[in-house]
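Below is the file upload_17.txt, which contains compact mmCIF, C-alpha atoms (C1' of nucleotides).
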# COMPACT_ATOMS: atom_id res chain seq x y z
CA MET A 1 11.16 55.35 -37.60
CA THR A 2 9.46 51.98 -37.23
CA SER A 3 9.58 50.38 -33.80
CA PRO A 4 12.49 47.86 -33.76
CA PRO A 5 11.49 44.18 -33.93
CA VAL A 6 11.40 42.84 -30.41
CA GLY A 7 11.62 39.05 -30.54
CA ARG A 8 14.51 37.04 -31.85
CA ARG A 9 12.23 35.63 -34.47
CA GLU A 10 11.25 38.99 -35.87
CA ARG A 11 14.82 40.20 -35.75
CA LYS A 12 15.93 37.23 -37.80
CA LYS A 13 13.15 37.82 -40.28
CA ALA A 14 14.16 41.44 -40.66
CA ALA A 15 17.78 40.40 -41.05
CA THR A 16 16.91 37.96 -43.80
CA ARG A 17 14.89 40.56 -45.60
CA GLN A 18 17.72 43.04 -45.33
CA ALA A 19 20.26 40.49 -46.54
CA ILE A 20 18.13 39.85 -49.61
CA ALA A 21 17.62 43.54 -50.34
CA ASP A 22 21.32 44.27 -49.89
CA ALA A 23 22.41 41.41 -52.10
CA ALA A 24 19.91 42.43 -54.75
CA LEU A 25 20.96 46.07 -54.82
CA ARG A 26 24.64 45.15 -54.91
CA LEU A 27 24.22 42.72 -57.78
CA PHE A 28 21.93 45.07 -59.71
CA LEU A 29 24.46 47.89 -59.47
CA GLU A 30 27.30 45.56 -60.39
CA ARG A 31 25.80 43.83 -63.41
CA GLY A 32 22.59 45.63 -64.32
CA TYR A 33 19.03 44.68 -63.55
CA ASP A 34 18.41 42.29 -66.43
CA GLN A 35 21.69 40.47 -65.91
CA VAL A 36 20.74 39.37 -62.41
CA SER A 37 18.28 36.54 -61.80
CA ILE A 38 16.28 35.90 -58.66
CA ARG A 39 18.35 32.75 -58.24
CA ASP A 40 21.54 34.82 -58.23
CA ILE A 41 20.12 37.03 -55.51
CA ALA A 42 18.91 34.08 -53.47
CA ASP A 43 22.33 32.45 -53.70
CA ALA A 44 24.11 35.66 -52.72
CA ALA A 45 21.82 36.08 -49.72
CA ASP A 46 22.09 32.36 -48.95
CA VAL A 47 18.35 31.70 -49.04
CA SER A 48 16.06 29.86 -51.42
CA THR A 49 14.28 31.60 -54.26
CA THR A 50 10.90 31.03 -52.65
CA THR A 51 12.09 32.89 -49.59
CA VAL A 52 12.85 35.89 -51.76
CA PHE A 53 9.23 35.95 -52.89
CA LYS A 54 8.03 35.53 -49.31
CA HIS A 55 9.65 38.87 -48.52
CA PHE A 56 9.16 40.79 -51.78
CA SER A 57 6.22 40.82 -54.12
CA GLY A 58 8.38 40.65 -57.25
CA LYS A 59 11.70 41.42 -58.79
CA GLU A 60 11.04 45.13 -59.16
CA ALA A 61 10.06 45.43 -55.53
CA LEU A 62 13.60 44.44 -54.61
CA VAL A 63 14.78 47.77 -55.96
CA PHE A 64 12.19 49.99 -54.29
CA ASP A 65 12.26 48.83 -50.72
CA GLN A 66 10.53 51.66 -48.94
CA ASP A 67 7.24 52.95 -50.22
CA GLU A 68 5.00 52.67 -47.20
CA HIS A 69 4.95 56.21 -45.84
CA ARG A 70 4.59 58.01 -49.13
CA GLU A 71 0.83 57.76 -49.37
CA ALA A 72 0.23 58.69 -45.74
CA ALA A 73 2.57 61.65 -45.99
CA LEU A 74 0.89 62.80 -49.17
CA THR A 75 -2.63 62.85 -47.82
CA ALA A 76 -1.44 64.34 -44.54
CA ALA A 77 0.17 67.19 -46.44
CA VAL A 78 -3.23 68.02 -47.88
CA ARG A 79 -5.33 67.41 -44.78
CA ARG A 80 -3.07 69.07 -42.24
CA ARG A 81 -1.96 72.09 -44.24
CA ALA A 82 -1.50 75.51 -42.67
CA ASP A 83 -4.50 77.79 -42.30
CA GLY A 84 -5.21 79.72 -45.45
CA GLN A 85 -2.81 77.66 -47.52
CA SER A 86 -4.25 76.36 -50.76
CA ILE A 87 -4.15 72.66 -51.51
CA LEU A 88 -1.89 73.23 -54.45
CA ASP A 89 0.57 75.17 -52.33
CA ALA A 90 0.48 72.51 -49.66
CA LEU A 91 1.37 69.88 -52.23
CA ARG A 92 4.08 72.11 -53.65
CA ARG A 93 5.57 72.47 -50.19
CA HIS A 94 5.40 68.75 -49.62
CA VAL A 95 7.10 67.85 -52.87
CA LEU A 96 9.80 70.46 -52.31
CA ASP A 97 10.43 69.40 -48.72
CA SER A 98 10.06 65.65 -48.96
CA TRP A 99 11.02 64.59 -52.43
CA LEU A 100 13.70 67.04 -53.47
CA PRO A 101 16.14 66.23 -50.65
CA LEU A 102 15.85 62.52 -51.40
CA ALA A 103 16.37 63.00 -55.11
CA ALA A 104 19.34 65.27 -54.51
CA HIS A 105 21.13 62.85 -52.21
CA PRO A 106 24.48 62.06 -53.86
CA GLN A 107 24.36 58.39 -52.85
CA MET A 108 21.18 58.26 -54.90
CA ALA A 109 22.95 58.97 -58.18
CA GLU A 110 23.96 55.48 -59.22
CA PHE A 111 20.63 54.17 -58.01
CA THR A 112 18.84 56.68 -60.22
CA ASP A 113 21.03 55.68 -63.14
CA LEU A 114 20.03 52.07 -62.63
CA VAL A 115 16.36 52.91 -62.67
CA ASP A 116 16.59 55.26 -65.62
CA SER A 117 18.50 52.78 -67.75
CA THR A 118 16.09 49.89 -67.14
CA PRO A 119 12.70 50.22 -68.86
CA ALA A 120 11.01 47.81 -66.50
CA LEU A 121 12.18 49.85 -63.52
CA ARG A 122 11.23 53.16 -65.10
CA ALA A 123 7.70 51.89 -65.63
CA TYR A 124 7.52 50.47 -62.13
CA SER A 125 8.79 53.70 -60.64
CA GLU A 126 6.09 55.70 -62.40
CA ARG A 127 3.47 53.27 -61.24
CA MET A 128 4.72 53.66 -57.68
CA TRP A 129 3.89 57.34 -57.82
CA THR A 130 0.61 57.03 -59.62
CA ARG A 131 -0.55 54.25 -57.33
CA HIS A 132 -1.43 56.92 -54.79
CA THR A 133 -3.67 58.93 -57.10
CA ASP A 134 -6.88 57.56 -55.65
CA ALA A 135 -5.89 58.28 -52.07
CA LEU A 136 -4.68 61.76 -52.90
CA SER A 137 -7.74 62.48 -54.98
CA ALA A 138 -10.00 61.45 -52.10
CA ALA A 139 -8.10 63.64 -49.67
CA ILE A 140 -8.41 66.65 -51.94
CA ALA A 141 -12.10 66.02 -52.49
CA ASP A 142 -12.67 65.80 -48.73
CA GLU A 143 -10.92 69.11 -48.16
CA LEU A 144 -12.93 70.82 -50.89
CA GLY A 145 -16.16 69.26 -49.69
CA VAL A 146 -17.00 67.65 -53.02
CA ARG A 147 -17.68 64.06 -54.04
CA HIS A 148 -14.81 61.60 -54.06
CA ASP A 149 -15.15 61.03 -57.80
CA ASP A 150 -14.96 64.72 -58.63
CA LEU A 151 -13.20 65.07 -61.94
CA ALA A 152 -11.10 68.11 -61.12
CA CYS A 153 -9.79 66.43 -57.97
CA ALA A 154 -8.92 63.24 -59.77
CA ALA A 155 -7.12 65.18 -62.46
CA LEU A 156 -5.24 67.36 -60.01
CA ALA A 157 -4.07 64.34 -58.02
CA ARG A 158 -2.92 62.56 -61.13
CA PHE A 159 -1.07 65.55 -62.51
CA VAL A 160 0.60 66.47 -59.24
CA LEU A 161 1.96 62.95 -58.94
CA GLN A 162 3.47 63.25 -62.38
CA ILE A 163 5.52 66.22 -61.29
CA PRO A 164 8.34 64.23 -59.69
CA VAL A 165 8.50 62.09 -62.81
CA LEU A 166 8.71 65.18 -65.01
CA ALA A 167 11.23 66.94 -62.80
CA ARG A 168 13.51 63.93 -62.65
CA GLY A 169 16.39 64.35 -65.01
CA ARG A 170 16.12 68.14 -65.14
CA PRO A 171 19.29 70.01 -64.25
CA ASP A 172 17.51 72.24 -61.73
CA ARG A 173 14.91 70.08 -60.08
CA ARG A 174 13.69 72.71 -57.68
CA ALA A 175 13.02 75.22 -60.42
CA ALA A 176 11.28 72.52 -62.45
CA VAL A 177 8.98 71.60 -59.57
CA GLU A 178 8.11 75.25 -59.00
CA ALA A 179 7.45 75.85 -62.67
CA LEU A 180 5.24 72.79 -62.94
CA PHE A 181 3.13 73.77 -59.95
CA ASP A 182 2.78 77.24 -61.44
CA LEU A 183 1.53 75.69 -64.65
CA LEU A 184 -1.01 73.60 -62.80
CA ALA A 185 -2.11 76.63 -60.85
CA HIS A 186 -2.55 79.03 -63.75
CA GLY A 187 -2.80 76.83 -66.82
CA TRP A 188 -1.17 76.87 -70.21
CA GLU A 189 -3.45 79.55 -71.61
CA PRO A 190 -3.84 82.27 -69.03
CA ALA A 191 -5.71 85.21 -70.52
CA GLY A 192 -3.55 86.94 -73.10
CA ARG A 193 -0.96 84.23 -73.67
CA PRO A 194 -2.46 81.59 -75.93
CA PRO A 195 0.47 79.33 -76.88
CA GLY A 196 0.80 78.93 -80.64
CA GLY A 197 -2.08 81.29 -81.34
CA MET B 1 -7.16 52.56 -94.56
CA THR B 2 -3.94 50.64 -95.19
CA SER B 3 -3.27 49.54 -98.77
CA PRO B 4 -4.43 45.90 -99.11
CA PRO B 5 -1.63 43.31 -99.17
CA VAL B 6 -0.93 42.45 -102.76
CA GLY B 7 1.02 39.16 -102.92
CA ARG B 8 -0.33 35.79 -101.91
CA ARG B 9 2.36 35.64 -99.29
CA GLU B 10 1.39 38.88 -97.62
CA ARG B 11 -2.24 37.95 -97.75
CA LYS B 12 -1.50 34.69 -95.96
CA LYS B 13 0.62 36.48 -93.43
CA ALA B 14 -2.17 38.94 -92.77
CA ALA B 15 -4.64 36.07 -92.51
CA THR B 16 -2.47 34.25 -89.95
CA ARG B 17 -2.08 37.41 -87.93
CA GLN B 18 -5.81 37.99 -88.02
CA ALA B 19 -6.53 34.39 -87.03
CA ILE B 20 -4.27 34.76 -84.01
CA ALA B 21 -5.79 38.09 -82.99
CA ASP B 22 -9.33 36.76 -83.40
CA ALA B 23 -8.63 33.61 -81.41
CA ALA B 24 -6.96 35.64 -78.68
CA LEU B 25 -9.79 38.14 -78.35
CA ARG B 26 -12.41 35.39 -78.33
CA LEU B 27 -10.62 33.39 -75.64
CA PHE B 28 -9.90 36.47 -73.56
CA LEU B 29 -13.55 37.50 -73.61
CA GLU B 30 -14.67 33.95 -72.85
CA ARG B 31 -12.37 33.12 -69.96
CA GLY B 32 -10.60 36.32 -68.95
CA TYR B 33 -7.10 37.46 -69.76
CA ASP B 34 -5.20 35.62 -67.06
CA GLN B 35 -7.01 32.36 -67.70
CA VAL B 36 -5.76 32.15 -71.27
CA SER B 37 -2.19 31.14 -72.05
CA ILE B 38 -0.24 31.83 -75.20
CA ARG B 39 -0.28 28.11 -75.86
CA ASP B 40 -4.08 28.12 -75.72
CA ILE B 41 -4.19 30.90 -78.30
CA ALA B 42 -1.66 29.18 -80.53
CA ASP B 43 -3.70 25.98 -80.42
CA ALA B 44 -6.93 27.80 -81.18
CA ALA B 45 -5.36 29.57 -84.15
CA ASP B 46 -3.64 26.34 -85.18
CA VAL B 47 -0.14 27.80 -85.15
CA SER B 48 2.87 27.32 -82.91
CA THR B 49 3.60 29.58 -79.96
CA THR B 50 6.67 30.86 -81.75
CA THR B 51 4.50 32.07 -84.60
CA VAL B 52 2.39 34.07 -82.18
CA PHE B 53 5.46 35.98 -81.10
CA LYS B 54 6.52 36.51 -84.70
CA HIS B 55 3.34 38.52 -85.19
CA PHE B 56 2.88 40.17 -81.80
CA SER B 57 5.44 41.63 -79.47
CA GLY B 58 3.85 40.15 -76.36
CA LYS B 59 0.68 38.93 -74.74
CA GLU B 60 -0.72 42.38 -74.10
CA ALA B 61 -0.19 43.38 -77.71
CA LEU B 62 -2.71 40.70 -78.69
CA VAL B 63 -5.40 42.83 -77.09
CA PHE B 64 -4.43 46.18 -78.58
CA ASP B 65 -4.02 45.39 -82.24
CA GLN B 66 -4.04 48.84 -83.78
CA ASP B 67 -1.83 51.56 -82.39
CA GLU B 68 0.18 52.68 -85.40
CA HIS B 69 -1.65 55.79 -86.53
CA ARG B 70 -2.21 57.30 -83.14
CA GLU B 71 1.13 59.04 -82.84
CA ALA B 72 1.11 60.37 -86.39
CA ALA B 73 -2.44 61.66 -85.98
CA LEU B 74 -1.54 63.29 -82.71
CA THR B 75 1.42 65.26 -83.98
CA ALA B 76 -0.42 66.13 -87.19
CA ALA B 77 -3.26 67.58 -85.14
CA VAL B 78 -0.76 69.97 -83.59
CA ARG B 79 1.28 70.75 -86.69
CA ARG B 80 -1.56 71.14 -89.17
CA ARG B 81 -4.03 72.99 -87.01
CA ALA B 82 -6.23 75.76 -88.34
CA ASP B 83 -4.87 79.30 -88.51
CA GLY B 84 -5.24 81.12 -85.24
CA GLN B 85 -6.16 77.98 -83.33
CA SER B 86 -4.18 77.43 -80.16
CA ILE B 87 -2.32 74.15 -79.67
CA LEU B 88 -4.49 73.27 -76.74
CA ASP B 89 -7.64 73.79 -78.76
CA ALA B 90 -6.24 71.73 -81.61
CA LEU B 91 -5.58 68.87 -79.21
CA ARG B 92 -9.02 69.27 -77.70
CA ARG B 93 -10.56 69.01 -81.17
CA HIS B 94 -8.47 65.97 -81.96
CA VAL B 95 -9.40 64.12 -78.81
CA LEU B 96 -13.07 64.96 -79.24
CA ASP B 97 -13.13 63.97 -82.91
CA SER B 98 -10.85 60.93 -82.89
CA TRP B 99 -11.03 59.31 -79.52
CA LEU B 100 -14.60 59.93 -78.36
CA PRO B 101 -16.31 58.11 -81.25
CA LEU B 102 -14.10 55.08 -80.74
CA ALA B 103 -14.70 54.99 -77.03
CA ALA B 104 -18.44 55.38 -77.51
CA HIS B 105 -18.74 52.51 -79.96
CA PRO B 106 -21.15 50.00 -78.36
CA GLN B 107 -19.17 46.98 -79.57
CA MET B 108 -16.34 48.41 -77.52
CA ALA B 109 -18.15 47.88 -74.23
CA GLU B 110 -17.14 44.32 -73.40
CA PHE B 111 -13.67 45.04 -74.66
CA THR B 112 -13.42 47.96 -72.27
CA ASP B 113 -14.66 45.77 -69.45
CA LEU B 114 -11.93 43.27 -70.19
CA VAL B 115 -9.24 45.92 -70.06
CA ASP B 116 -10.59 47.60 -66.96
CA SER B 117 -10.84 44.36 -65.03
CA THR B 118 -7.29 43.23 -65.78
CA PRO B 119 -4.55 45.19 -64.01
CA ALA B 120 -1.91 44.20 -66.53
CA LEU B 121 -4.05 45.49 -69.36
CA ARG B 122 -4.94 48.70 -67.56
CA ALA B 123 -1.27 49.45 -67.08
CA TYR B 124 -0.46 48.54 -70.65
CA SER B 125 -3.28 50.71 -71.93
CA GLU B 126 -1.98 53.71 -70.04
CA ARG B 127 1.51 53.08 -71.34
CA MET B 128 0.12 52.99 -74.88
CA TRP B 129 -1.08 56.54 -74.46
CA THR B 130 1.93 57.86 -72.66
CA ARG B 131 4.32 56.25 -75.13
CA HIS B 132 3.60 59.15 -77.45
CA THR B 133 4.52 61.87 -74.97
CA ASP B 134 7.95 62.46 -76.44
CA ALA B 135 6.67 62.79 -80.00
CA LEU B 136 3.84 65.07 -78.96
CA SER B 137 6.11 67.14 -76.77
CA ALA B 138 8.53 67.63 -79.66
CA ALA B 139 5.72 68.67 -82.00
CA ILE B 140 4.46 71.25 -79.52
CA ALA B 141 7.95 72.60 -78.96
CA ASP B 142 8.47 72.95 -82.69
CA GLU B 143 5.26 74.88 -83.08
CA LEU B 144 6.13 77.20 -80.24
CA GLY B 145 9.68 77.64 -81.44
CA VAL B 146 11.28 76.48 -78.21
CA ARG B 147 13.74 73.72 -77.44
CA HIS B 148 12.58 70.14 -77.63
CA ASP B 149 13.24 69.56 -73.94
CA ASP B 150 11.17 72.56 -72.86
CA LEU B 151 9.53 71.73 -69.55
CA ALA B 152 6.14 73.28 -70.23
CA CYS B 153 5.83 71.37 -73.50
CA ALA B 154 6.81 68.07 -71.93
CA ALA B 155 4.31 68.63 -69.14
CA LEU B 156 1.52 69.66 -71.50
CA ALA B 157 2.07 66.60 -73.70
CA ARG B 158 2.08 64.28 -70.73
CA PHE B 159 -1.05 65.80 -69.19
CA VAL B 160 -3.01 65.91 -72.42
CA LEU B 161 -2.33 62.23 -72.98
CA GLN B 162 -3.72 61.49 -69.55
CA ILE B 163 -7.03 63.02 -70.47
CA PRO B 164 -8.43 59.94 -72.24
CA VAL B 165 -7.41 57.85 -69.27
CA LEU B 166 -9.15 60.22 -66.90
CA ALA B 167 -12.25 60.54 -69.03
CA ARG B 168 -12.64 56.81 -69.41
CA GLY B 169 -15.28 55.51 -67.07
CA ARG B 170 -17.03 58.86 -66.70
CA PRO B 171 -20.72 58.86 -67.53
CA ASP B 172 -20.40 61.85 -69.87
CA ARG B 173 -17.08 61.48 -71.60
CA ARG B 174 -17.46 64.50 -73.82
CA ALA B 175 -18.13 66.80 -70.90
CA ALA B 176 -15.22 65.29 -69.03
CA VAL B 177 -12.83 65.90 -71.90
CA GLU B 178 -14.00 69.48 -72.24
CA ALA B 179 -13.67 70.11 -68.52
CA LEU B 180 -10.18 68.64 -68.41
CA PHE B 181 -8.96 70.77 -71.30
CA ASP B 182 -10.43 73.80 -69.59
CA LEU B 183 -8.50 72.91 -66.45
CA LEU B 184 -5.27 72.59 -68.39
CA ALA B 185 -5.96 75.89 -70.11
CA HIS B 186 -6.78 77.96 -67.04
CA GLY B 187 -5.34 76.03 -64.13
CA TRP B 188 -6.70 74.97 -60.77
CA GLU B 189 -6.14 78.36 -59.18
CA PRO B 190 -7.27 81.03 -61.58
CA ALA B 191 -7.20 84.43 -59.92
CA GLY B 192 -9.89 84.63 -57.26
CA ARG B 193 -10.67 80.92 -56.90
CA PRO B 194 -7.97 79.33 -54.77
CA PRO B 195 -9.28 75.82 -54.00
CA GLY B 196 -9.34 75.07 -50.32
CA GLY B 197 -8.08 78.53 -49.49
C1' DT C 1 15.26 26.57 -112.74
C1' DA C 2 18.15 27.62 -108.97
C1' DG C 3 18.38 29.84 -105.02
C1' DA C 4 17.64 33.71 -101.82
C1' DA C 5 14.32 35.31 -98.49
C1' DA C 6 10.53 35.01 -95.71
C1' DA C 7 7.14 32.41 -93.03
C1' DG C 8 6.33 28.87 -90.19
C1' DT C 9 7.38 24.68 -87.20
C1' DG C 10 9.18 22.01 -83.26
C1' DC C 11 11.82 21.71 -79.51
C1' DA C 12 14.43 23.07 -75.85
C1' DA C 13 15.57 26.31 -72.80
C1' DC C 14 15.48 30.41 -69.46
C1' DG C 15 13.64 33.35 -65.89
C1' DA C 16 9.76 34.91 -63.06
C1' DG C 17 6.57 33.38 -60.06
C1' DT C 18 3.45 29.77 -57.59
C1' DC C 19 2.32 25.69 -54.97
C1' DA C 20 2.42 21.94 -51.68
C1' DA C 21 4.83 19.19 -48.44
C1' DC C 22 8.26 19.26 -45.43
C1' DT C 23 11.83 20.85 -41.75
C1' DT C 24 13.47 24.07 -38.41
C1' DA C 25 13.43 27.27 -34.80
C1' DG C 26 11.37 30.65 -31.75
C1' DC C 27 7.66 31.15 -28.56
C1' DC C 28 3.94 30.03 -25.27
C1' DT C 29 1.67 27.45 -21.88
C1' DC C 30 1.19 23.94 -18.48
C1' DG D 1 11.51 22.05 -18.72
C1' DA D 2 8.34 19.17 -22.06
C1' DG D 3 5.19 19.47 -25.52
C1' DG D 4 2.72 21.87 -28.89
C1' DC D 5 1.73 25.87 -31.87
C1' DT D 6 3.15 28.75 -35.42
C1' DA D 7 5.92 31.33 -38.59
C1' DA D 8 10.17 31.11 -41.43
C1' DG D 9 12.57 28.68 -44.54
C1' DT D 10 13.61 24.70 -47.73
C1' DT D 11 12.88 21.74 -51.57
C1' DG D 12 11.35 20.42 -55.93
C1' DA D 13 8.19 20.36 -59.30
C1' DC D 14 5.30 23.05 -61.97
C1' DT D 15 3.06 26.95 -65.06
C1' DC D 16 3.65 30.62 -68.09
C1' DG D 17 5.76 34.25 -70.99
C1' DT D 18 9.40 34.60 -73.94
C1' DT D 19 13.58 33.61 -76.73
C1' DG D 20 16.94 30.94 -79.56
C1' DC D 21 18.10 27.50 -82.78
C1' DA D 22 17.79 24.34 -86.38
C1' DC D 23 14.81 22.88 -89.74
C1' DT D 24 11.06 22.75 -93.54
C1' DT D 25 7.96 24.95 -96.66
C1' DT D 26 6.39 28.58 -99.48
C1' DT D 27 6.97 32.48 -102.43
C1' DC D 28 9.53 35.87 -104.92
C1' DT D 29 13.29 36.83 -108.02
C1' DA D 30 17.63 36.49 -110.83

What does the file become when written as C-alpha cells?
Amino acid sequence: MTSPPVGRRERKKAATRQAIADAALRLFLERGYDQVSIRDIADAADVSTTTVFKHFSGKEALVFDQDEHREAALTAAVRRRADGQSILDALRRHVLDSWLPLAAHPQMAEFTDLVDSTPALRAYSERMWTRHTDALSAAIADELGVRHDDLACAALARFVLQIPVLARGRPDRRAAVEALFDLLAHGWEPAGRPPGG
Amino acid sequence: MTSPPVGRRERKKAATRQAIADAALRLFLERGYDQVSIRDIADAADVSTTTVFKHFSGKEALVFDQDEHREAALTAAVRRRADGQSILDALRRHVLDSWLPLAAHPQMAEFTDLVDSTPALRAYSERMWTRHTDALSAAIADELGVRHDDLACAALARFVLQIPVLARGRPDRRAAVEALFDLLAHGWEPAGRPPGG
DNA sequence: TAGAAAAGTGCAACGAGTCAACTTAGCCTC
DNA sequence: GAGGCTAAGTTGACTCGTTGCACTTTTCTA
C-alpha cells in the first residue's frame, strides 16, 4: 500500500505510532472509550502523553486510524467511471465494492459495537464521511460541466455520503445501499406514487 | 410563547439564565467563540462557573438557546398536514414558513457569521438539526403506515433535515429550498436525464 | 414556624489538549 | 570518525471544559 519507511528513524516513528494505536484499540475494547484516558494509553504504549498527540490529532483519531485514501478513491470513482455510466451508478458501484466488504468483515464487529455505543465516536464517524462532501461535490460538478457551487451537486454529494451511515445497522446492508441509491435516483414522489397523498 | 414564570423564584431563575445567555452572546460576538472561556462568561454574568452549567448543558448550548419547539413543530407539520397534501409537500411548506423567516432576519446576520466561522459551532448546529431525524422518521412512518425502522422514511427524514444546512449560505435561500425538495421528490436521474451519462 | 426543596456558591478535581525547554538518537557532511 | 543538524520524545506546567461535593441562601409548603 504505502511505501515502507526506509530509514531506521522513520521505522521507529512508525513503530511508536503503531504501538500507540494498538494500545488504544486494545484498551478501548477492554474497558470502553470513556473509561480510558490518554494517560492510560500513553502508559500502555510506554510513551508520554504529548507523544500521543504528536502522532494523533485527538482522542477520537486513535480509533479511526486510516482515512487517507477515502477521499481520493471517492473522487476517482466519479472521474474515472466507465463510459456511459452515470455518476450515480458509479458511486453506487464504489460504495458496494469498497465499503460493503469492509463493513462486513467479521473482525469489524466488535469495533463497530464500540463506535455505535459511544456517542462521541458516532458523531466523529459521521463527520469522517461528511468531511469529503466538498471534494466529492467538486468532482461531480466537474464531470457535469457546471459550477463548483452547483446546488444539485452539493446536495447529491452530501446525500450519497450519508448512505453508509444509513445502511449501517441494517440487517441486509447491500439491499439497503441499493434501495437508497434507487431513492436518490428516482425520488420519493415519482409520478403516480405520492407518499401519504 | 411559553407561559411566563409565575413565582419569584422562577422569575429569578429565568433572569439568571438570561443574564448568562446575554453575557455569553455579547462576549462571543466581541472576541470570537474560542477566545471566550466559561469563566469569562461566569464573571461577566456575575455567577459561578458551576451555575453556568446548571443552566446550560455545555458551551455550545450557550449559543443556541432555543431548540425546544423545533422537533414538535416538525412532527406536527407531518401529522397535521392538509388533506391530500403529500408528506414531502407538508415538510416543504414547514421549512419555507418556519425556517426561512428566521434565517432571513437581519439581526441574525452576525450570529450566522459567528456560527459559520467556528468549526465547533458549525458541527453543533448540524447536529441540532439531525438530532430530530428519529422523531421525524417515526412520524413519517406512522403516516405511511409502515414500520418505524423503514429505510425510506429514515432516509427521507435525514435528507430533509439536511436541507436547511444546504440552503444556508445560498444567495436565494427560498429558491434553494424549493430546488432541494424538488430533487428529493423526483430524484437525480428522472427518466431521460441521467446526469453525466 | 419548621423544614423540605431548589438555587446558587466555592473549591477541588479530572481529562483533553497545548506549550516551551530540554534530551536523545538517527542522519549527513566534511 | 567527529561534529552538527534535525526530528522524535520527554517533562512539567498550564489552560479550558466539565463534574462532584459540601455548604449557604432563598423560596415554597406542611

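CA of Thr75 in chain A sits 10.1 Å away from CA of Thr133 in chain A.
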
Kindly assemble as a tab-separated table a list of the chain D residues that lie within 9 Å of chain A, each paired with its nearest atom pair and their distance in Å to one decimal, using all atoms listed in the file, sorted first by chain and then by ascending residue number.
residue	atom	partner	partner_atom	distance
D:DA7	C1'	A:Arg9	CA	8.7
D:DA8	C1'	A:Lys13	CA	7.4
D:DG9	C1'	A:Thr51	CA	6.6
D:DT10	C1'	A:Ser48	CA	6.8
D:DT11	C1'	A:Ser48	CA	8.7

Residue neighbourhood Ala21 in chain A, 10 Å, only C-alpha atoms (C1' of nucleotides), exclusion window fewer than 6 positions, as a PyMOL selection string = chain A and resi 15+27+41+45+52+55-56+61-65

Spatial neighbours of DT29 in chain C, max dist 12 Å, only C-alpha atoms (C1' of nucleotides), sep filter under 6 positions, as a list in words = DG1, DA2, DG3, DG4 and DC5 of chain D

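Across the model, the gap from CA of Arg92 in chain B to CA of Glu110 in chain B is 26.6 Å.
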
request  = Kindly provide, as a PyMOL selection string, the residues of chain C having any atom no farther than 12 Å from an atom of chain A, counting only C-alpha atoms (C1' of nucleotides).
outcome  = chain C and resi 14-19+25-27

message = Contacts from chain B to chain A, 8 Å maximum, only C-alpha atoms: show me the residue list as JSON, numbers by chain.
response = {"B": [83, 84, 85, 86, 87, 88, 143, 144, 151, 152, 154, 155, 156, 159, 166, 176, 180, 183, 184, 185, 186, 187, 188, 189, 190, 194, 195, 196, 197]}

Produce a file of the selected residues containing C-alpha atoms, as a compact mmCIF listing (two decimals), in the frame of the given file.
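File produced: result_38.txt:
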# COMPACT_ATOMS: atom_id res chain seq x y z
CA ASP B 83 -4.87 79.30 -88.51
CA GLY B 84 -5.24 81.12 -85.24
CA GLN B 85 -6.16 77.98 -83.33
CA SER B 86 -4.18 77.43 -80.16
CA ILE B 87 -2.32 74.15 -79.67
CA LEU B 88 -4.49 73.27 -76.74
CA GLU B 143 5.26 74.88 -83.08
CA LEU B 144 6.13 77.20 -80.24
CA LEU B 151 9.53 71.73 -69.55
CA ALA B 152 6.14 73.28 -70.23
CA ALA B 154 6.81 68.07 -71.93
CA ALA B 155 4.31 68.63 -69.14
CA LEU B 156 1.52 69.66 -71.50
CA PHE B 159 -1.05 65.80 -69.19
CA LEU B 166 -9.15 60.22 -66.90
CA ALA B 176 -15.22 65.29 -69.03
CA LEU B 180 -10.18 68.64 -68.41
CA LEU B 183 -8.50 72.91 -66.45
CA LEU B 184 -5.27 72.59 -68.39
CA ALA B 185 -5.96 75.89 -70.11
CA HIS B 186 -6.78 77.96 -67.04
CA GLY B 187 -5.34 76.03 -64.13
CA TRP B 188 -6.70 74.97 -60.77
CA GLU B 189 -6.14 78.36 -59.18
CA PRO B 190 -7.27 81.03 -61.58
CA PRO B 194 -7.97 79.33 -54.77
CA PRO B 195 -9.28 75.82 -54.00
CA GLY B 196 -9.34 75.07 -50.32
CA GLY B 197 -8.08 78.53 -49.49

inquiry  = Just to confirm, what's the straight-line distance from CA of Ala103 in chain A to CA of Ala135 in chain A in Å (one decimal)?
reply    = 23.0 Å

request  = Just the residues within 9 Å of DC23 in chain D, please, counting all atoms listed in the file, with nothing from its chain fewer than 2 positions along; format it as a ChimeraX atom specification.
outcome  = /C:9-10 /D:21

Repaired coordinates for range 70-77 of chain B (N, CA and C atoms) as a compact mmCIF listing (two decimals), in the coordinates of the input:
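To be explicit, this is the file written out as selection.txt:
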# COMPACT_ATOMS: atom_id res chain seq x y z
N ARG B 70 -1.90 56.36 -84.20
CA ARG B 70 -2.21 57.30 -83.14
C ARG B 70 -1.17 58.42 -83.04
N GLU B 71 0.09 58.03 -83.02
CA GLU B 71 1.13 59.04 -82.84
C GLU B 71 1.16 60.03 -84.00
N ALA B 72 1.09 59.49 -85.22
CA ALA B 72 1.11 60.37 -86.39
C ALA B 72 -0.08 61.34 -86.35
N ALA B 73 -1.25 60.82 -86.01
CA ALA B 73 -2.44 61.66 -85.98
C ALA B 73 -2.31 62.75 -84.93
N LEU B 74 -1.70 62.36 -83.83
CA LEU B 74 -1.54 63.29 -82.71
C LEU B 74 -0.65 64.47 -83.08
N THR B 75 0.51 64.17 -83.62
CA THR B 75 1.42 65.26 -83.98
C THR B 75 0.87 66.07 -85.15
N ALA B 76 0.17 65.39 -86.06
CA ALA B 76 -0.42 66.13 -87.19
C ALA B 76 -1.47 67.11 -86.69
N ALA B 77 -2.22 66.70 -85.68
CA ALA B 77 -3.26 67.58 -85.14
C ALA B 77 -2.64 68.87 -84.64
